[in-house]
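Peer 1: The structure's right below; bear with me while I get my questions together.
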Amino acid sequence: MRKRQPIRRPWSRAVTLVAAMIAVVVPALPMLTPPAVAGPVRTCGSLSRISRPDTTVVSAVEDSGDATTPPSCRVTLRITDPGDGGAVTVWVYLPLDTWNGRFQAVGGSGFLGGDAARLVGPLRAGYAAAATDAGHRGSNADFALKPDGSLNWPAIKDFGYQGIADMTAAAKAMVRDFYGKDAAYSYFNGCSTGGRQGITEAQRHPDDYDGILTGAPVIGYPKLKTGQMWGQVVMLAQGNPVAPCKFKAAVTAMTGACDTVGDGVRDGVIGDPLQCHFDLSNLVGRATPCGKITAADVEVMKKIQQGPRRANGEFLWYGLAPGASFAGLNDTVPLNGKLVGAPSISDLSWFSMFLAQNRSWDWTTLTYPKFEAYFDQAVSTYNDVLGADNPDLSGFARAGGKLLLWNGEADFAVPFQGTVDYYRRVQEKLGPGQTQQFLRLFLAPGVDHCGGGPGPQLADPLGALVDWVEHGKAPRTLPAVRTGADGSVTATRPVCMYPNVARWTGRGDPADGSTYHCVPARS
């Protein structure tokens, strides 16, 4: 393991217990302006002469900025591990004269550990920002195998947790070098793979960040990632690939039947999907542009929504929630006059590289028994490195960190039930009272994977996290908005802290978020 720079935590990061327990509704987040911050104490170019063990400054280039991006110093680092030969690239963007005194690390997505393009937004907001490739370039999973076909464990560990830890230490040191002092507050911001990276930091390095925003965090990654192939296995084993328009008709029917569940309004969104008890059998015989829905089609849909199971019926992982799209993981396409399954490239990569360890692996050889064996292999081989499912966040709590966790309830890729399960396990480990002081979960109805979908979109969850960390305002709600084609806001809605849901009071305009209140979800 590479040596890590000592972390200096500013005394101002701690909030009192009383302040941490204050819960406020946040209908709109205020602009959070920290005290004036001094500029750099050295030139950008001089950073290229900094020498640290196992770290090479590849470049340090001053960027003059443009109408939307402020001038900055853009640094590229290469960090190597003499112990296992692994190496990661780190990008650090440092505002020249607009630094807000904060540091923000940004996570990746899919098999992409991260990239420099994700730093432009934080830079515009005044943050010193960093990202890492987590040991490999690009978004494919080729890094998992060496040329001889054996597992590339240094690269897998960098993707799993080591790359983010190295990036954090190196970027914080670069901030200190450039500005002559540490950032007053440090934040991690990620969704999907980025969400897993943030959770991993809270578990493994609880002193690294004051606040962590993690969305759709692929907790239990080996289970979840293997489980994403379940629908394709079902269709293959049942000999019944389902046409896309039949899947779409099923989602439309479920949403129509359960539209008012949870929120009490008809808005094209299921407000509480777990309370939607629509019987898919009602769809048998329904006409669609691609033919009538058959009993065999419904059997496939039911199995996909139930989620992966062993042959004896034992639970393996969570299925697709009512209202979430079947598309993305359960796609089918016509080929040579017949319909065939079309797994996602990401899922094919996971099975071929990480599990079969064969670049030429044929996914159509999958059967229920083979799937079950691969599932067990995935958990036993990779959970310690990629799982990010340790519920013991006591170190993060003691360090005074705040973790804002969210998931879309119409997420096709990351069933929100898995995120809820993790949250509940943290509560069981630390107690509900202590958990609420540093960790809060928000489920966004109708929101797809990291955004999109028919539901109102979270407006500024990072702002809510900053307000919690720096001002002790623990959020009970997060603001969400619907926008029109021109980008204008057409509706607002609060997203309530779990286990509550936002329900319309029955008075006033349902497009006005102030006409909703948070109530416990029906069990």
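We label chains A, B, ... in the order they appear in the structure tokens, count residues from 1 in each chain, and number ligands from 1 in the order shown.
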Pull the closest atom pair for each residue of segment 357-448 of chain A that gets at most 12 Å from segment 125-142 of chain A, along with the distance in Å to one decimal, counting only C-alpha atoms, ordering rows by chain and then ascending residue number, as JSON lines.

Peer 2:
```
{"residue": "A:Gln357", "atom": "CA", "partner": "A:Asp142", "partner_atom": "CA", "distance": 10.2}
{"residue": "A:Asn358", "atom": "CA", "partner": "A:Asp142", "partner_atom": "CA", "distance": 10.6}
{"residue": "A:Arg359", "atom": "CA", "partner": "A:Asp142", "partner_atom": "CA", "distance": 8.5}
```

Peer 1: Hey, what does DSSP flag as alpha helix (DSSP H) within segment 225-471 of chain A? Can you give it to me as a PDB file with C-alpha atoms, in the first residue's frame?

Peer 2:
```
ATOM      1  CA  LYS A 225     -23.422  -6.492 -10.727  1.00  0.00           C
ATOM      2  CA  THR A 226     -23.971 -10.219 -11.137  1.00  0.00           C
ATOM      3  CA  GLY A 227     -27.673  -9.763 -10.477  1.00  0.00           C
ATOM      4  CA  TRP A 230     -30.684 -12.001 -14.117  1.00  0.00           C
ATOM      5  CA  GLY A 231     -33.317 -10.875 -16.613  1.00  0.00           C
ATOM      6  CA  GLN A 232     -31.245 -12.051 -19.549  1.00  0.00           C
ATOM      7  CA  VAL A 233     -30.707 -15.419 -17.829  1.00  0.00           C
ATOM      8  CA  VAL A 234     -34.448 -15.738 -17.232  1.00  0.00           C
ATOM      9  CA  MET A 235     -35.334 -15.004 -20.860  1.00  0.00           C
ATOM     10  CA  LEU A 236     -32.611 -17.368 -22.089  1.00  0.00           C
ATOM     11  CA  ALA A 237     -33.598 -20.188 -19.755  1.00  0.00           C
ATOM     12  CA  GLN A 238     -37.327 -19.730 -20.394  1.00  0.00           C
ATOM     13  CA  PRO A 244     -39.235  -4.006 -25.701  1.00  0.00           C
ATOM     14  CA  CYS A 245     -42.714  -2.612 -26.339  1.00  0.00           C
ATOM     15  CA  LYS A 246     -44.246  -5.297 -24.108  1.00  0.00           C
ATOM     16  CA  PHE A 247     -41.918  -4.304 -21.282  1.00  0.00           C
ATOM     17  CA  LYS A 248     -42.846  -0.669 -21.886  1.00  0.00           C
ATOM     18  CA  ALA A 249     -46.561  -1.494 -21.840  1.00  0.00           C
ATOM     19  CA  ALA A 250     -46.108  -3.257 -18.494  1.00  0.00           C
ATOM     20  CA  VAL A 251     -44.410  -0.216 -16.944  1.00  0.00           C
ATOM     21  CA  THR A 252     -47.147   2.061 -18.305  1.00  0.00           C
ATOM     22  CA  ALA A 253     -49.839  -0.185 -16.835  1.00  0.00           C
ATOM     23  CA  MET A 254     -48.143  -0.412 -13.432  1.00  0.00           C
ATOM     24  CA  THR A 255     -47.643   3.340 -13.279  1.00  0.00           C
ATOM     25  CA  GLY A 256     -51.242   4.010 -14.260  1.00  0.00           C
ATOM     26  CA  ALA A 257     -52.572   1.619 -11.633  1.00  0.00           C
ATOM     27  CA  CYS A 258     -50.298   2.884  -8.850  1.00  0.00           C
ATOM     28  CA  ALA A 295     -48.535 -15.700 -19.939  1.00  0.00           C
ATOM     29  CA  ALA A 296     -44.905 -16.601 -20.723  1.00  0.00           C
ATOM     30  CA  ASP A 297     -44.080 -12.884 -21.046  1.00  0.00           C
ATOM     31  CA  VAL A 298     -45.678 -12.174 -17.677  1.00  0.00           C
ATOM     32  CA  GLU A 299     -43.726 -15.021 -16.073  1.00  0.00           C
ATOM     33  CA  VAL A 300     -40.481 -13.409 -17.276  1.00  0.00           C
ATOM     34  CA  MET A 301     -41.540  -9.994 -15.980  1.00  0.00           C
ATOM     35  CA  LYS A 302     -42.472 -11.396 -12.594  1.00  0.00           C
ATOM     36  CA  LYS A 303     -39.122 -13.123 -12.226  1.00  0.00           C
ATOM     37  CA  ILE A 304     -37.269  -9.923 -13.157  1.00  0.00           C
ATOM     38  CA  GLN A 305     -39.196  -7.927 -10.567  1.00  0.00           C
ATOM     39  CA  GLN A 306     -38.729 -10.643  -7.959  1.00  0.00           C
ATOM     40  CA  ILE A 345     -21.788  -4.228 -22.498  1.00  0.00           C
ATOM     41  CA  SER A 346     -20.991  -3.540 -18.849  1.00  0.00           C
ATOM     42  CA  ASP A 347     -22.637  -6.759 -17.658  1.00  0.00           C
ATOM     43  CA  LEU A 348     -20.982  -8.805 -20.383  1.00  0.00           C
ATOM     44  CA  SER A 349     -17.627  -7.344 -19.334  1.00  0.00           C
ATOM     45  CA  TYR A 368     -29.840 -21.054 -13.867  1.00  0.00           C
ATOM     46  CA  PRO A 369     -27.267 -23.355 -12.168  1.00  0.00           C
ATOM     47  CA  LYS A 370     -24.347 -21.587 -13.881  1.00  0.00           C
ATOM     48  CA  PHE A 371     -25.720 -18.195 -12.886  1.00  0.00           C
ATOM     49  CA  GLU A 372     -26.007 -19.332  -9.272  1.00  0.00           C
ATOM     50  CA  ALA A 373     -22.408 -20.589  -9.327  1.00  0.00           C
ATOM     51  CA  TYR A 374     -21.145 -17.324 -10.813  1.00  0.00           C
ATOM     52  CA  PHE A 375     -23.073 -15.400  -8.153  1.00  0.00           C
ATOM     53  CA  ASP A 376     -21.346 -17.297  -5.355  1.00  0.00           C
ATOM     54  CA  GLN A 377     -17.980 -16.903  -7.077  1.00  0.00           C
ATOM     55  CA  ALA A 378     -18.489 -13.149  -7.390  1.00  0.00           C
ATOM     56  CA  VAL A 379     -19.254 -12.729  -3.703  1.00  0.00           C
ATOM     57  CA  SER A 380     -16.447 -14.934  -2.419  1.00  0.00           C
ATOM     58  CA  THR A 381     -13.817 -13.480  -4.762  1.00  0.00           C
ATOM     59  CA  TYR A 382     -14.623  -9.780  -4.851  1.00  0.00           C
ATOM     60  CA  ASN A 383     -16.773  -8.680  -1.935  1.00  0.00           C
ATOM     61  CA  ASP A 384     -13.839  -7.650   0.268  1.00  0.00           C
ATOM     62  CA  VAL A 385     -12.429  -5.484  -2.520  1.00  0.00           C
ATOM     63  CA  LEU A 386     -15.544  -4.181  -4.294  1.00  0.00           C
ATOM     64  CA  SER A 394     -18.569   4.295  13.581  1.00  0.00           C
ATOM     65  CA  GLY A 395     -15.174   5.709  12.580  1.00  0.00           C
ATOM     66  CA  PHE A 396     -16.795   8.147  10.153  1.00  0.00           C
ATOM     67  CA  ALA A 397     -19.328   9.132  12.814  1.00  0.00           C
ATOM     68  CA  ARG A 398     -16.589   9.730  15.406  1.00  0.00           C
ATOM     69  CA  PHE A 416     -33.109   1.219  -4.343  1.00  0.00           C
ATOM     70  CA  GLN A 417     -34.065  -1.657  -2.055  1.00  0.00           C
ATOM     71  CA  GLY A 418     -30.379  -2.556  -1.748  1.00  0.00           C
ATOM     72  CA  THR A 419     -29.554   0.977  -0.616  1.00  0.00           C
ATOM     73  CA  VAL A 420     -32.366   0.813   1.941  1.00  0.00           C
ATOM     74  CA  ASP A 421     -31.021  -2.515   3.184  1.00  0.00           C
ATOM     75  CA  TYR A 422     -27.587  -0.990   3.764  1.00  0.00           C
ATOM     76  CA  TYR A 423     -29.074   1.995   5.599  1.00  0.00           C
ATOM     77  CA  ARG A 424     -31.059  -0.304   7.866  1.00  0.00           C
ATOM     78  CA  ARG A 425     -27.965  -2.386   8.613  1.00  0.00           C
ATOM     79  CA  VAL A 426     -26.088   0.768   9.626  1.00  0.00           C
ATOM     80  CA  GLN A 427     -28.995   1.568  11.951  1.00  0.00           C
ATOM     81  CA  GLU A 428     -28.847  -1.933  13.425  1.00  0.00           C
ATOM     82  CA  LYS A 429     -25.112  -1.567  13.984  1.00  0.00           C
ATOM     83  CA  LEU A 430     -25.038   1.953  15.446  1.00  0.00           C
ATOM     84  CA  PRO A 432     -31.199   4.782  14.709  1.00  0.00           C
ATOM     85  CA  GLY A 433     -30.435   7.844  16.844  1.00  0.00           C
ATOM     86  CA  GLN A 434     -26.706   7.873  16.250  1.00  0.00           C
ATOM     87  CA  THR A 435     -27.142   7.005  12.568  1.00  0.00           C
ATOM     88  CA  GLN A 436     -29.424   9.974  11.970  1.00  0.00           C
ATOM     89  CA  GLN A 437     -26.788  12.331  13.365  1.00  0.00           C
ATOM     90  CA  PHE A 438     -24.380  11.629  10.489  1.00  0.00           C
ATOM     91  CA  PRO A 461     -28.079  17.719  -2.918  1.00  0.00           C
ATOM     92  CA  LEU A 462     -24.456  18.840  -2.606  1.00  0.00           C
ATOM     93  CA  GLY A 463     -25.629  22.219  -1.351  1.00  0.00           C
ATOM     94  CA  ALA A 464     -27.712  20.458   1.296  1.00  0.00           C
ATOM     95  CA  LEU A 465     -24.672  18.448   2.363  1.00  0.00           C
ATOM     96  CA  VAL A 466     -22.508  21.569   2.592  1.00  0.00           C
ATOM     97  CA  ASP A 467     -25.166  23.271   4.681  1.00  0.00           C
ATOM     98  CA  TRP A 468     -25.259  20.254   7.002  1.00  0.00           C
ATOM     99  CA  VAL A 469     -21.471  20.049   7.379  1.00  0.00           C
ATOM    100  CA  GLU A 470     -20.757  23.747   7.743  1.00  0.00           C
ATOM    101  CA  HIS A 471     -23.890  25.044   9.454  1.00  0.00           C
TER     102      HIS A 471
END
```

Peer 1: What's around Phe188 of chain A at 12 Å? Count only C-alpha atoms, leave out sequence neighbours fewer than 3 positions away in its own chain, and write the answer as a PyMOL selection string.

Peer 2: chain A and resi 102-108+122+127-131+164-165+167-168+185+191+194-202+206+208-215+401-405+462+465-466

Peer 1: Atom CA of Gly307 of chain A and atom CA of Tyr498 of chain A, how far apart in Å?

Peer 2: 22.6 Å

Peer 1: Closest to Leu355 of chain A among A:Thr55, A:Ser48, A:Asn336, A:Ser150, using only C-alpha atoms?

Peer 2: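 Going through A:Thr55, A:Ser48, A:Asn336, A:Ser150 one by one, the smallest distance to Leu355 of chain A is for A:Ser150.
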
Peer 1: Could you write out, as a list in words, all the residues of segment 384-480 of chain A that DSSP marks as strand (DSSP E or B)?

Peer 2: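 Selection result, strand (DSSP E or B) within segment 384-480 of chain A: Lys402, Leu403, Leu404, Leu405, Trp406, Asn407, Gly408, Leu439, Arg440, Leu441, Phe442, Leu443, Ala444, Gln457, Leu458, Ala474, Pro475, Thr477, Leu478, Pro479 and Ala480 of chain A.
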
Peer 1: Mind checking which residues fall within 6 Å of Val340 of chain A, counting only C-alpha atoms, ignoring those fewer than 3 positions away in the same chain, and posting them as a PyMOL selection string?

Peer 2: chain A and resi 241+332-333

Peer 1: Kindly export the residues of the current selection with C-alpha atoms, as a PDB file, in the first residue's frame.

Peer 2:
```pdb
ATOM      1  CA  PRO A 241     -37.103 -13.054 -24.998  1.00  0.00           C
ATOM      2  CA  THR A 332     -33.842  -7.687 -26.698  1.00  0.00           C
ATOM      3  CA  VAL A 333     -33.221  -7.170 -30.421  1.00  0.00           C
TER       4      VAL A 333
END
```

Peer 1: Counting only C-alpha atoms, figure out which residue out of A:Val265, A:Leu458, A:Ala216, A:Leu393 gets nearest to Phe412 of chain A.

Peer 2: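 Among the listed residues, A:Ala216 lies closest to Phe412 of chain A.
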